[in-house]
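**Student:** Enclosed is the structure file protein19.txt (compact mmCIF, C-alpha atoms).
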# COMPACT_ATOMS: atom_id res chain seq x y z
CA MET A 15 0.00 0.00 0.00
CA LYS A 16 1.22 3.43 -0.90
CA GLU A 17 1.61 5.75 2.05
CA PRO A 18 -0.29 8.99 1.65
CA LYS A 19 2.14 11.88 1.38
CA GLN A 20 1.35 14.45 3.97
CA LEU A 21 2.99 17.62 5.17
CA SER A 22 3.38 17.69 8.92
CA VAL A 23 2.89 21.43 8.95
CA SER A 24 1.23 23.26 6.11
CA ALA A 25 3.26 25.36 3.71
CA ILE A 26 3.44 29.15 3.94
CA GLU A 27 3.34 31.70 1.16
CA ASN A 28 5.87 34.21 2.50
CA GLY A 29 7.97 34.07 5.61
CA THR A 30 10.57 32.04 7.44
CA VAL A 31 10.78 28.36 8.27
CA ILE A 32 13.12 27.40 11.08
CA ASP A 33 13.97 23.73 10.86
CA HIS A 34 16.17 21.34 12.85
CA ILE A 35 15.38 22.76 16.26
CA PRO A 36 15.94 20.16 19.02
CA ALA A 37 12.39 19.29 20.14
CA LYS A 38 13.14 19.98 23.77
CA ASN A 39 14.21 23.54 22.99
CA LEU A 40 11.25 24.57 20.83
CA PHE A 41 9.71 26.78 23.46
CA LYS A 42 13.06 28.36 24.30
CA VAL A 43 13.42 29.34 20.66
CA ILE A 44 9.90 30.81 20.72
CA GLN A 45 10.81 32.76 23.81
CA ILE A 46 14.19 34.02 22.56
CA LEU A 47 12.70 35.20 19.26
CA ASN A 48 9.74 36.75 21.07
CA LEU A 49 7.35 34.79 18.86
CA ASP A 50 4.75 34.84 21.61
CA HIS A 51 4.48 38.59 21.10
CA ILE A 52 4.14 38.99 17.34
CA ASP A 53 1.01 39.19 15.22
CA SER A 54 2.06 36.94 12.33
CA GLN A 55 0.54 33.53 11.75
CA ILE A 56 2.78 30.92 13.28
CA THR A 57 2.56 27.16 13.03
CA PHE A 58 4.91 24.79 14.69
CA GLY A 59 5.39 21.10 14.91
CA THR A 60 7.37 19.23 17.49
CA ASN A 61 8.58 15.70 18.24
CA LEU A 62 8.97 15.14 14.51
CA GLU A 63 11.35 12.41 13.49
CA SER A 64 14.85 13.50 12.61
CA LYS A 65 17.79 11.27 11.72
CA LYS A 66 20.18 13.87 13.01
CA LEU A 67 18.48 15.12 16.17
CA GLY A 68 16.24 12.22 17.14
CA ARG A 69 13.29 14.48 17.65
CA LYS A 70 13.11 17.85 16.09
CA ALA A 71 10.80 20.80 15.97
CA ILE A 72 9.98 23.15 13.14
CA ILE A 73 8.49 26.64 13.19
CA LYS A 74 6.87 28.45 10.28
CA ILE A 75 6.28 32.14 10.61
CA SER A 76 4.30 33.94 7.95
CA ASP A 77 5.40 37.36 6.72
CA LYS A 78 8.34 37.53 9.06
CA PHE A 79 11.99 37.87 8.06
CA PHE A 80 14.72 37.99 10.66
CA GLU A 81 17.92 39.98 10.80
CA ASP A 82 20.99 37.75 11.18
CA GLU A 83 21.84 39.20 14.58
CA ASP A 84 18.36 38.38 15.84
CA ILE A 85 18.31 34.85 14.54
CA ASN A 86 21.80 34.11 15.84
CA ARG A 87 20.42 34.54 19.35
CA ILE A 88 18.97 31.03 19.09
CA ALA A 89 22.38 29.49 18.41
CA LEU A 90 22.81 28.49 22.05
CA VAL A 91 19.66 26.36 22.09
CA ALA A 92 19.44 25.35 18.44
CA PRO A 93 22.98 25.29 17.04
CA ASP A 94 22.00 23.18 14.00
CA ALA A 95 18.93 25.20 13.07
CA LYS A 96 18.44 25.93 9.38
CA LEU A 97 16.37 28.75 8.01
CA ASN A 98 14.43 28.72 4.79
CA ILE A 99 13.30 32.07 3.54
CA ILE A 100 10.07 31.62 1.60
CA ARG A 101 8.65 33.92 -1.03
CA ASP A 102 5.64 32.89 -3.05
CA TYR A 103 5.83 29.30 -1.73
CA GLU A 104 9.41 28.96 -2.97
CA VAL A 105 12.57 28.70 -0.89
CA VAL A 106 14.56 31.71 -2.06
CA GLU A 107 17.34 31.57 0.52
CA LYS A 108 18.78 29.15 3.09
CA LYS A 109 20.65 30.22 6.19
CA VAL A 110 22.37 28.56 9.11
CA VAL A 111 22.72 30.09 12.55
CA GLU A 112 26.06 31.26 13.88
CA VAL A 113 27.06 31.68 17.49
CA PRO A 114 27.44 35.45 18.00
CA ASP A 115 30.45 37.11 19.71
CA ILE A 116 28.38 38.60 22.51
CA ILE A 117 25.37 37.01 24.19
CA VAL A 118 23.02 39.34 26.04
CA GLY A 119 20.24 38.17 28.30
CA ILE A 120 19.84 34.56 27.11
CA ALA A 121 22.07 32.39 29.25
CA LYS A 122 22.48 32.26 33.00
CA CYS A 123 25.90 32.58 34.62
CA MET A 124 26.76 29.28 36.30
CA ASN A 125 28.71 30.99 39.10
CA PRO A 126 26.37 31.03 42.12
CA LYS A 127 28.39 33.93 43.57
CA CYS A 128 27.92 36.12 40.49
CA ILE A 129 26.03 39.41 40.90
CA THR A 130 23.69 38.39 38.06
CA ASN A 131 22.36 35.65 40.33
CA TYR A 132 21.77 38.09 43.20
CA GLU A 133 20.23 41.17 41.66
CA HIS A 134 18.11 41.94 38.66
CA VAL A 135 20.93 42.30 36.15
CA THR A 136 20.70 41.37 32.46
CA THR A 137 23.41 38.78 31.84
CA ARG A 138 26.10 39.54 29.31
CA PHE A 139 28.77 37.17 28.01
CA LYS A 140 31.68 37.22 25.65
CA VAL A 141 31.79 34.03 23.60
CA VAL A 142 35.30 32.66 24.15
CA SER A 143 34.73 29.40 22.26
CA LYS A 144 32.17 28.79 19.52
CA LYS A 145 32.72 25.13 18.83
CA ASN A 146 32.10 23.85 22.31
CA VAL A 147 30.33 26.97 23.37
CA ALA A 148 32.02 28.68 26.33
CA LEU A 149 30.83 32.01 27.65
CA LYS A 150 32.82 34.43 29.78
CA CYS A 151 30.65 36.47 32.11
CA HIS A 152 31.02 40.22 31.62
CA TYR A 153 30.53 40.66 35.39
CA CYS A 154 32.23 37.91 37.38
CA GLU A 155 34.59 36.89 34.51
CA LYS A 156 33.95 33.17 35.13
CA ILE A 157 33.42 30.74 32.27
CA THR A 158 30.10 29.00 31.70
CA ASN A 159 30.45 26.05 29.32
CA GLN A 160 27.93 24.13 27.28
CA GLU A 161 27.27 21.39 29.85
CA ASN A 162 26.41 23.90 32.54
CA MET A 163 24.49 26.29 30.40
CA GLN A 164 21.01 27.27 31.44
CA ILE A 165 18.73 29.51 29.45
CA VAL A 166 17.16 32.38 31.38
CA MET B 23 29.58 53.82 31.56
CA LYS B 24 29.42 57.47 32.51
CA SER B 25 32.83 57.79 34.11
CA ARG B 26 36.14 56.03 34.21
CA SER B 27 36.29 53.26 36.80
CA LEU B 28 38.92 50.72 37.82
CA VAL B 29 37.25 47.32 38.07
CA SER B 30 39.83 44.93 36.64
CA ILE B 31 43.54 45.31 35.89
CA ASP B 32 42.66 44.48 32.28
CA ASP B 33 40.78 47.78 32.08
CA LEU B 34 44.14 49.57 32.01
CA SER B 35 46.46 49.80 29.06
CA THR B 36 50.16 49.24 29.70
CA ASP B 37 50.74 52.98 29.35
CA GLU B 38 48.04 53.69 31.93
CA ILE B 39 49.61 51.20 34.35
CA LEU B 40 53.02 52.86 33.94
CA LYS B 41 51.48 56.30 34.38
CA ILE B 42 49.93 55.24 37.70
CA LEU B 43 53.23 53.71 38.86
CA ASP B 44 55.06 56.94 37.93
CA LEU B 45 52.49 59.02 39.82
CA ALA B 46 52.97 56.76 42.84
CA VAL B 47 56.70 57.52 42.79
CA GLY B 48 55.78 61.19 43.24
CA PHE B 49 53.54 60.39 46.20
CA GLU B 50 56.26 58.35 47.83
CA LYS B 51 58.58 61.37 47.66
CA ASN B 52 55.88 63.75 48.82
CA PRO B 53 52.92 61.92 50.37
CA VAL B 54 51.05 64.92 51.72
CA GLN B 55 49.55 66.80 48.80
CA LYS B 56 46.14 68.41 49.23
CA LEU B 57 44.88 67.37 45.83
CA LEU B 58 41.52 66.05 47.02
CA ASP B 59 40.57 69.21 48.94
CA GLU B 60 36.79 69.66 48.75
CA LYS B 61 36.38 66.10 47.42
CA VAL B 62 34.19 63.52 49.15
CA ILE B 63 35.24 59.89 48.70
CA ALA B 64 32.88 57.07 49.69
CA THR B 65 34.42 53.89 51.08
CA LEU B 66 31.80 51.14 50.99
CA PHE B 67 33.04 47.96 52.62
CA PHE B 68 30.25 45.40 52.35
CA GLU B 69 32.67 42.93 53.88
CA PRO B 70 35.43 43.86 56.29
CA SER B 71 39.01 44.29 55.07
CA THR B 72 41.26 46.02 57.52
CA ARG B 73 44.33 46.52 55.39
CA THR B 74 42.69 47.60 52.17
CA ARG B 75 40.29 49.97 53.91
CA LEU B 76 42.90 51.60 56.13
CA SER B 77 45.29 51.94 53.22
CA PHE B 78 42.63 53.68 51.10
CA GLU B 79 41.53 55.90 53.98
CA SER B 80 45.12 56.80 54.73
CA ALA B 81 45.64 57.68 51.05
CA ILE B 82 42.49 59.83 50.98
CA ASN B 83 43.41 61.61 54.23
CA ARG B 84 46.90 62.43 53.02
CA LEU B 85 45.36 63.95 49.91
CA GLY B 86 43.06 66.11 52.06
CA GLY B 87 39.84 64.39 50.94
CA LYS B 88 36.80 63.73 53.14
CA ILE B 89 35.53 60.19 53.71
CA VAL B 90 31.96 58.92 54.02
CA GLY B 91 31.04 55.24 54.14
CA PHE B 92 30.93 52.13 56.24
CA ALA B 93 33.32 49.38 57.29
CA GLU B 94 30.86 46.51 57.28
CA ALA B 95 27.47 45.83 55.72
CA SER B 96 25.69 45.42 59.07
CA SER B 97 26.08 49.15 59.74
CA SER B 98 24.56 50.14 56.39
CA SER B 99 21.14 50.10 54.74
CA VAL B 100 22.10 46.74 53.20
CA SER B 101 21.01 45.19 56.48
CA LYS B 102 17.53 46.58 55.74
CA GLY B 103 17.50 44.75 52.41
CA GLU B 104 18.55 47.54 50.07
CA THR B 105 19.91 46.33 46.73
CA LEU B 106 23.43 47.15 45.57
CA HIS B 107 21.80 49.00 42.68
CA ASP B 108 20.01 51.42 45.00
CA THR B 109 22.96 51.84 47.36
CA ILE B 110 25.23 52.82 44.47
CA ARG B 111 22.66 55.19 42.92
CA MET B 112 22.34 56.93 46.25
CA VAL B 113 26.01 57.07 47.20
CA SER B 114 27.06 58.30 43.77
CA ASN B 115 24.92 61.36 44.53
CA TYR B 116 26.81 61.96 47.75
CA SER B 117 30.38 61.51 46.61
CA ASP B 118 32.95 62.20 43.90
CA LEU B 119 34.32 58.64 43.79
CA ILE B 120 33.38 55.31 45.35
CA VAL B 121 35.83 52.74 46.71
CA MET B 122 33.96 49.46 47.08
CA ARG B 123 34.65 46.00 48.49
CA HIS B 124 31.83 43.49 48.07
CA PRO B 125 31.70 39.71 48.55
CA VAL B 126 29.69 39.08 45.36
CA GLU B 127 31.69 38.54 42.15
CA GLY B 128 30.99 41.01 39.37
CA SER B 129 29.46 43.50 41.81
CA ALA B 130 32.09 46.12 40.99
CA ARG B 131 31.52 45.91 37.22
CA TYR B 132 27.78 46.21 37.84
CA ALA B 133 28.30 49.18 40.18
CA SER B 134 30.46 50.92 37.56
CA GLU B 135 27.56 50.69 35.11
CA ILE B 136 25.10 52.24 37.56
CA SER B 137 27.29 54.89 39.17
CA SER B 138 27.66 58.42 37.86
CA VAL B 139 31.05 58.71 39.59
CA PRO B 140 34.15 56.48 39.20
CA ILE B 141 34.22 53.17 41.08
CA ILE B 142 37.42 51.65 42.41
CA ASN B 143 37.09 47.92 42.95
CA ALA B 144 38.71 47.10 46.28
CA GLY B 145 37.90 43.41 45.84
CA ASP B 146 34.77 41.68 44.49
CA GLY B 147 34.70 38.23 46.04
CA ALA B 148 37.25 35.90 44.47
CA ASN B 149 37.23 37.90 41.25
CA GLN B 150 39.39 41.04 40.97
CA HIS B 151 41.43 43.29 43.24
CA PRO B 152 43.27 45.59 40.83
CA THR B 153 44.72 48.02 43.37
CA GLN B 154 46.56 45.09 45.00
CA THR B 155 48.01 44.17 41.61
CA LEU B 156 49.17 47.74 41.01
CA LEU B 157 50.84 47.98 44.40
CA ASP B 158 52.52 44.61 43.78
CA MET B 159 53.82 45.94 40.45
CA TYR B 160 54.97 49.13 42.11
CA SER B 161 56.89 47.07 44.67
CA ILE B 162 58.43 44.90 41.96
CA ARG B 163 59.54 47.84 39.86
CA LYS B 164 60.86 49.74 42.87
CA THR B 165 62.98 46.83 44.14
CA GLN B 166 64.15 45.55 40.75
CA GLY B 167 64.36 48.81 38.83
CA THR B 168 62.36 47.30 35.96
CA LEU B 169 59.33 45.18 35.14
CA ASP B 170 61.02 43.47 32.24
CA GLY B 171 62.94 40.20 32.14
CA LEU B 172 62.28 39.13 35.73
CA ASN B 173 61.99 35.65 37.17
CA ILE B 174 58.97 35.56 39.44
CA PHE B 175 58.29 32.67 41.82
CA MET B 176 54.75 32.26 43.11
CA VAL B 177 54.32 30.00 46.10
CA GLY B 178 51.35 28.49 47.92
CA ASP B 179 47.72 28.58 46.84
CA LEU B 180 47.93 29.22 43.11
CA LYS B 181 44.51 27.76 42.38
CA TYR B 182 42.22 30.10 44.28
CA GLY B 183 44.51 33.05 44.99
CA ARG B 184 43.13 35.95 42.98
CA THR B 185 46.18 38.12 43.74
CA VAL B 186 48.54 35.68 42.01
CA HIS B 187 46.23 35.33 39.01
CA SER B 188 45.93 39.08 38.50
CA LEU B 189 49.63 39.66 39.05
CA MET B 190 50.52 36.86 36.63
CA MET B 191 48.21 38.30 33.97
CA ALA B 192 49.57 41.81 34.46
CA MET B 193 53.24 40.75 34.47
CA SER B 194 52.68 38.70 31.32
CA ARG B 195 52.65 42.03 29.46
CA TRP B 196 56.43 42.01 29.96
CA ASN B 197 59.00 39.33 29.26
CA THR B 198 58.58 37.50 32.56
CA THR B 199 59.59 33.96 33.52
CA PHE B 200 57.25 32.33 36.02
CA ASN B 201 57.90 29.55 38.50
CA PHE B 202 54.89 28.10 40.26
CA ILE B 203 55.43 26.22 43.53
CA SER B 204 52.34 24.63 45.03
CA PRO B 205 50.81 21.40 46.27
CA ASP B 206 49.09 19.38 43.55
CA GLU B 207 45.64 20.35 44.86
CA LEU B 208 46.41 24.04 44.48
CA LYS B 209 48.21 24.23 41.14
CA MET B 210 47.89 27.18 38.78
CA PRO B 211 44.71 26.56 36.71
CA GLU B 212 45.12 25.36 33.11
CA GLU B 213 43.52 28.47 31.60
CA PHE B 214 46.30 30.69 33.00
CA LYS B 215 49.07 28.36 31.84
CA LEU B 216 47.50 28.25 28.40
CA TYR B 217 47.46 32.03 28.40
CA LEU B 218 51.22 32.12 29.03
CA GLU B 219 51.85 29.47 26.38
CA ASN B 220 49.95 31.51 23.80
CA LEU B 221 52.14 34.48 24.63
CA GLY B 222 55.29 32.35 24.35
CA LEU B 223 56.27 33.04 27.97
CA LYS B 224 58.17 30.43 29.99
CA TYR B 225 56.78 28.89 33.14
CA TYR B 226 57.87 26.01 35.33
CA GLU B 227 55.86 24.09 37.91
CA HIS B 228 57.28 22.56 41.06
CA SER B 229 55.78 20.76 44.00
CA ASP B 230 58.89 21.07 46.17
CA PHE B 231 59.94 24.30 47.80
CA THR B 232 63.72 23.89 47.45
CA ASP B 233 66.91 25.54 46.33
CA ILE B 234 65.39 26.43 42.95
CA ILE B 235 64.43 29.74 44.57
CA SER B 236 68.08 30.78 44.13
CA ARG B 237 67.07 31.86 40.61
CA ALA B 238 64.28 34.15 41.79
CA ASP B 239 64.13 37.92 41.48
CA ILE B 240 60.80 37.99 43.29
CA ILE B 241 59.25 35.37 45.57
CA TYR B 242 55.54 36.00 45.92
CA MET B 243 54.20 34.06 48.91
CA THR B 244 50.52 33.30 49.56
CA ARG B 245 48.57 31.60 52.28
CA VAL B 246 47.59 27.95 51.95
CA GLN B 247 44.13 28.10 53.45
CA LYS B 248 42.67 25.17 55.31
CA GLU B 249 39.17 25.71 53.92
CA ARG B 250 40.44 25.10 50.37
CA PHE B 251 41.02 21.41 51.07
CA SER B 252 38.23 18.87 50.86
CA ASP B 253 40.34 16.40 52.81
CA PRO B 254 41.75 17.79 56.08
CA ILE B 255 44.53 15.17 56.03
CA GLU B 256 45.81 16.64 52.76
CA TYR B 257 45.99 20.04 54.41
CA GLU B 258 47.93 18.67 57.37
CA LYS B 259 50.42 17.13 54.92
CA VAL B 260 51.17 20.31 53.02
CA LYS B 261 50.66 23.08 55.54
CA ASN B 262 54.25 23.03 56.76
CA VAL B 263 55.86 22.30 53.38
CA TYR B 264 55.33 25.74 51.88
CA VAL B 265 56.83 27.75 54.71
CA LEU B 266 59.64 30.16 53.93
CA LYS B 267 62.41 30.21 56.55
CA ASN B 268 65.44 32.45 56.81
CA SER B 269 67.83 29.50 56.35
CA MET B 270 66.38 28.93 52.84
CA LEU B 271 67.49 32.38 51.69
CA ALA B 272 71.26 31.86 51.92
CA ASN B 273 71.78 31.18 48.18
CA THR B 274 69.20 33.59 46.82
CA LYS B 275 70.16 36.51 44.59
CA PRO B 276 71.12 39.79 46.30
CA ASN B 277 68.37 41.68 44.45
CA MET B 278 65.70 39.12 45.38
CA ARG B 279 62.77 40.42 47.44
CA ILE B 280 59.94 38.53 49.17
CA LEU B 281 56.41 39.80 48.65
CA HIS B 282 53.18 38.72 50.34
CA PRO B 283 49.73 40.33 50.04
CA LEU B 284 49.26 39.81 53.81
CA PRO B 285 47.85 38.81 56.22
CA ARG B 286 50.29 35.96 56.67
CA VAL B 287 49.67 33.12 59.06
CA ASN B 288 52.68 30.82 59.22
CA GLU B 289 53.86 30.64 55.59
CA ILE B 290 56.68 33.10 56.23
CA HIS B 291 58.56 32.34 59.43
CA THR B 292 59.08 35.41 61.59
CA ASP B 293 62.84 34.83 61.39
CA VAL B 294 62.63 36.11 57.80
CA ASP B 295 61.26 39.50 58.90
CA SER B 296 64.65 40.95 59.80
CA ASN B 297 66.29 39.78 56.57
CA PRO B 298 66.71 42.74 54.17
CA LYS B 299 65.14 40.57 51.46
CA ALA B 300 61.82 40.61 53.33
CA TYR B 301 59.76 43.30 51.66
CA TYR B 302 56.11 42.59 52.59
CA PHE B 303 55.67 45.38 55.12
CA GLU B 304 57.14 47.99 52.76
CA GLN B 305 54.89 46.48 50.09
CA ALA B 306 51.88 47.29 52.27
CA LEU B 307 53.15 50.86 52.67
CA ASN B 308 53.52 51.15 48.90
CA GLY B 309 49.79 50.46 48.80
CA VAL B 310 49.13 53.93 50.16
CA TYR B 311 51.21 55.68 47.46
CA THR B 312 49.75 53.52 44.72
CA ARG B 313 46.19 54.22 45.88
CA GLN B 314 46.91 57.95 46.02
CA ALA B 315 48.01 57.70 42.40
CA ILE B 316 44.91 55.69 41.39
CA LEU B 317 42.52 58.14 43.11
CA CYS B 318 44.08 61.17 41.43
CA SER B 319 44.31 59.44 38.08
CA LEU B 320 40.63 58.41 38.01
CA LEU B 321 39.50 61.85 39.15
CA GLY B 322 41.56 63.41 36.37
CA ILE B 323 43.54 65.47 38.88
CA LYS B 324 46.94 64.19 37.78
As structure tokens, how would this structure be written, given the file I've shared?
**Tutor:**
Amino acid sequence: MKEPKQLSVSAIENGTVIDHIPAKNLFKVIQILNLDHIDSQITFGTNLESKKLGRKAIIKISDKFFEDEDINRIALVAPDAKLNIIRDYEVVEKKVVEVPDIIVGIAKCMNPKCITNYEHVTTRFKVVSKKNVALKCHYCEKITNQENMQIV
Amino acid sequence: MKSRSLVSIDDLSTDEILKILDLAVGFEKNPVQKLLDEKVIATLFFEPSTRTRLSFESAINRLGGKIVGFAEASSSSVSKGETLHDTIRMVSNYSDLIVMRHPVEGSARYASEISSVPIINAGDGANQHPTQTLLDMYSIRKTQGTLDGLNIFMVGDLKYGRTVHSLMMAMSRWNTTFNFISPDELKMPEEFKLYLENLGLKYYEHSDFTDIISRADIIYMTRVQKERFSDPIEYEKVKNVYVLKNSMLANTKPNMRILHPLPRVNEIHTDVDSNPKAYYFEQALNGVYTRQAILCSLLGIK
């Protein structure tokens, strides 16, 4: 029997598709990109099968195009994410995310004695390693590495 | 940042460091100069530090400045639950410069972003203590005549000691050879050794405190603190190994000087004190001249 071909999430006319998001970080991506506060039509699917990630999530946002510096903010939670820019149902451009040099307000400093864990301070890090992401806190100067990273 | 602060030694260029050291030479020659007349300096010590506070207050007094502040958090509005943010906003209205010691790491950087007046970091937890580094450098340059081409031995707790880390980083701007003597548990962290390797600077590690010190120009002693050891037996084993005694100094170079950030406990035997190579008390005095220079430099007076 022939399997019926079905799209997990329906196609969009214009906008951005973010694919290859680790399923467990879907809502972090939504939060970082502020998608819960925009008016565009958004559809997302999660726990989809992925050979690479096990389970992946995908987000389709109609009529929304991101600046590189905005989209790179998701690099900490979705380092393998791929973007398809859609115009008139066609993929006109593909992008990958890149870890930025400075991370503001996304990660938490792992040092329990850091001021950012005592008072209401927006965290700020210099990225000292992009491969195995390591962040140096602008305040306490301690390193937070990938294994210990928590998203605010 | 609205004004120039001193939070970390890395905030200063090499020229700025040398300028402060040169200014300090002037204050050593002539310590009483009324350059801070009419100025109000706040000294906020959220945790007690006798030496650093007295040294700053002595420096401010000799410059004719007025001091407001507190020596411990319990006598301030912090005990009522005020945030650091609000304390700094308030005090920066009352003063021309704030000297701050705080147990939380990164607090000084944060304060410098809130304050409308310069902040001097007098220690933020285990993070930075740049005025100590500058006074150490002043002492090294004064006793050796140069900062270049020296062989510096660091002894004791090289893992947690922030003074040795900052001094190592600062001295790595010159062609310095480092020798690290410590128990295995308290070795210089990898990141700092990697830093030296990238700069092409030589360093050697030793676990025995022996005759190798005959090569030293500077021996920088630190305390091996009991609370750093997870196993008390390990502490008992090493606590008497890293003690400097007068008899060990016989073969050391004539120009060699012993530094210690103080307070010492037992790591320098008192029989060293009368040896002319013992320099730690003069080092503490140099702290006053160096802090005079830092205050005037940040206020744009000199």
**Student:** Just give me the gap between CA of Ile235 (chain B) and CA of Glu289 (chain B) in Å, one decimal is fine.
**Tutor:**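 These two atoms are separated by 15.3 Å.
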**Student:** If we count all atoms listed in the file and set the cut-off at 7 Å, which residues sit around region 84-100 of chain B, ignoring sequence neighbours fewer than 6 positions away in its own chain? Please answer as an mmCIF file with C-alpha atoms, keeping the file's coordinate frame.
**Tutor:**
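Heads up, here's the output in out.cif:
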data_model
loop_
_atom_site.group_PDB
_atom_site.id
_atom_site.type_symbol
_atom_site.label_atom_id
_atom_site.label_comp_id
_atom_site.auth_asym_id
_atom_site.auth_seq_id
_atom_site.Cartn_x
_atom_site.Cartn_y
_atom_site.Cartn_z
ATOM 1 C CA PRO B 53 52.920 61.920 50.370
ATOM 2 C CA VAL B 54 51.050 64.920 51.720
ATOM 3 C CA GLN B 55 49.550 66.800 48.800
ATOM 4 C CA LYS B 56 46.140 68.410 49.230
ATOM 5 C CA LEU B 57 44.880 67.370 45.830
ATOM 6 C CA LEU B 58 41.520 66.050 47.020
ATOM 7 C CA ASP B 59 40.570 69.210 48.940
ATOM 8 C CA GLU B 60 36.790 69.660 48.750
ATOM 9 C CA LYS B 61 36.380 66.100 47.420
ATOM 10 C CA VAL B 62 34.190 63.520 49.150
ATOM 11 C CA ILE B 63 35.240 59.890 48.700
ATOM 12 C CA ALA B 64 32.880 57.070 49.690
ATOM 13 C CA THR B 65 34.420 53.890 51.080
ATOM 14 C CA LEU B 66 31.800 51.140 50.990
ATOM 15 C CA PHE B 67 33.040 47.960 52.620
ATOM 16 C CA PHE B 68 30.250 45.400 52.350
ATOM 17 C CA GLU B 69 32.670 42.930 53.880
ATOM 18 C CA PRO B 70 35.430 43.860 56.290
#
**Student:** Give me, as JSON lines, each residue of chain B that comes within 7 Å of chain A, together with its shortest interatomic pair and the distance in Å at one decimal, counting only C-alpha atoms, with rows ordered by chain and rising residue number.
**Tutor:**
{"residue": "B:Val126", "atom": "CA", "partner": "A:Lys127", "partner_atom": "CA", "distance": 5.6}
{"residue": "B:Glu127", "atom": "CA", "partner": "A:Cys128", "partner_atom": "CA", "distance": 4.8}
{"residue": "B:Gly128", "atom": "CA", "partner": "A:Cys154", "partner_atom": "CA", "distance": 3.9}
{"residue": "B:Ser129", "atom": "CA", "partner": "A:Ile129", "partner_atom": "CA", "distance": 5.4}
{"residue": "B:Arg131", "atom": "CA", "partner": "A:Tyr153", "partner_atom": "CA", "distance": 5.6}
{"residue": "B:Tyr132", "atom": "CA", "partner": "A:Tyr153", "partner_atom": "CA", "distance": 6.7}
{"residue": "B:Asn149", "atom": "CA", "partner": "A:Cys154", "partner_atom": "CA", "distance": 6.3}
**Student:** Using C-alpha atoms, can you export the residues from the last selection as a PDB file, keeping the file's coordinate frame?
**Tutor:**
ATOM      1  CA  VAL B 126      29.690  39.080  45.360  1.00  0.00           C
ATOM      2  CA  GLU B 127      31.690  38.540  42.150  1.00  0.00           C
ATOM      3  CA  GLY B 128      30.990  41.010  39.370  1.00  0.00           C
ATOM      4  CA  SER B 129      29.460  43.500  41.810  1.00  0.00           C
ATOM      5  CA  ARG B 131      31.520  45.910  37.220  1.00  0.00           C
ATOM      6  CA  TYR B 132      27.780  46.210  37.840  1.00  0.00           C
ATOM      7  CA  ASN B 149      37.230  37.900  41.250  1.00  0.00           C
TER       8      ASN B 149
END
**Student:** Using all atoms listed in the file, find the one residue out of B:Ser161, B:Asn277, B:Ser252, B:Thr199 that sits nearest to Val47 (chain B).
**Tutor:** B:Ser161
**Student:** Excluding region 257-267 of chain B and residues on its chain fewer than 2 positions from it, collect all residues at most 6 Å away from it, counting all atoms listed in the file, and give them as a list in words.
**Tutor:** Pro254, Ile255, Ser269, Met270, Glu289, Ile290 and His291 of chain B
**Student:** For CA of Phe49 (chain B) and CA of Asp158 (chain B), determine how far apart the two atoms are, in Å to one decimal place.
**Tutor:**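 Between CA of Phe49 (chain B) and CA of Asp158 (chain B) the gap is 16.0 Å.
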**Student:** In Å, rounded to a single decimal, give me how far CA of Leu189 (chain B) is from CA of Asp44 (chain B).
**Tutor:**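 So the answer is 18.1 Å.
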**Student:** Could you tell me, as a short mmCIF file (atom, residue, chain, number, x, y, z; two decimals) with C-alpha atoms, in the coordinates of the input, which residues have any atom at most 7 Å from (31.8, 27.2, 26.9), counting all atoms listed in the file?
**Tutor:**
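Output below, filename out.cif:
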data_model
loop_
_atom_site.label_atom_id
_atom_site.label_comp_id
_atom_site.auth_asym_id
_atom_site.auth_seq_id
_atom_site.Cartn_x
_atom_site.Cartn_y
_atom_site.Cartn_z
CA SER A 143 34.73 29.40 22.26
CA ASN A 146 32.10 23.85 22.31
CA VAL A 147 30.33 26.97 23.37
CA ALA A 148 32.02 28.68 26.33
CA LEU A 149 30.83 32.01 27.65
CA ILE A 157 33.42 30.74 32.27
CA THR A 158 30.10 29.00 31.70
CA ASN A 159 30.45 26.05 29.32
CA GLN A 160 27.93 24.13 27.28
#
**Student:** Compute the distance from (57.4, 28.9, 35.7) to each atom, counting all atoms listed in the file, keep the residues with any atom at most 12 Å away, and return them as number ranges by chain; use the coordinates of the file.
**Tutor:** B: 172-177, 190, 194, 198-204, 209-210, 214-215, 218-219, 223-229, 234-235, 237-238, 241
**Student:** Please list as a list in words every residue within 8 Å of Ile117 (chain A), counting only C-alpha atoms and excluding residues in the same chain fewer than 6 positions away.
**Tutor:** Arg87, Arg138, Phe139, Lys140 and Val141 of chain A
**Student:** Using all atoms listed in the file, can you tell me which of B:Asp295, B:Asp239, B:Glu249, B:Glu213 comes closest to Thr274 (chain B)?
**Tutor:** B:Asp239
**Student:** Would you mind listing what lies within 6 Å of region 246-248 of chain B as a ChimeraX atom specification, with all atoms listed in the file counted and same-chain residues fewer than 3 positions away left out?
**Tutor:** /B:178-179,251
**Student:** Compile the contact shell of Asn143 (chain B) as a count of residues only: residues with an atom at most 10 Å away, counting only C-alpha atoms, same-chain residues fewer than 4 positions apart removed.
**Tutor:** 20
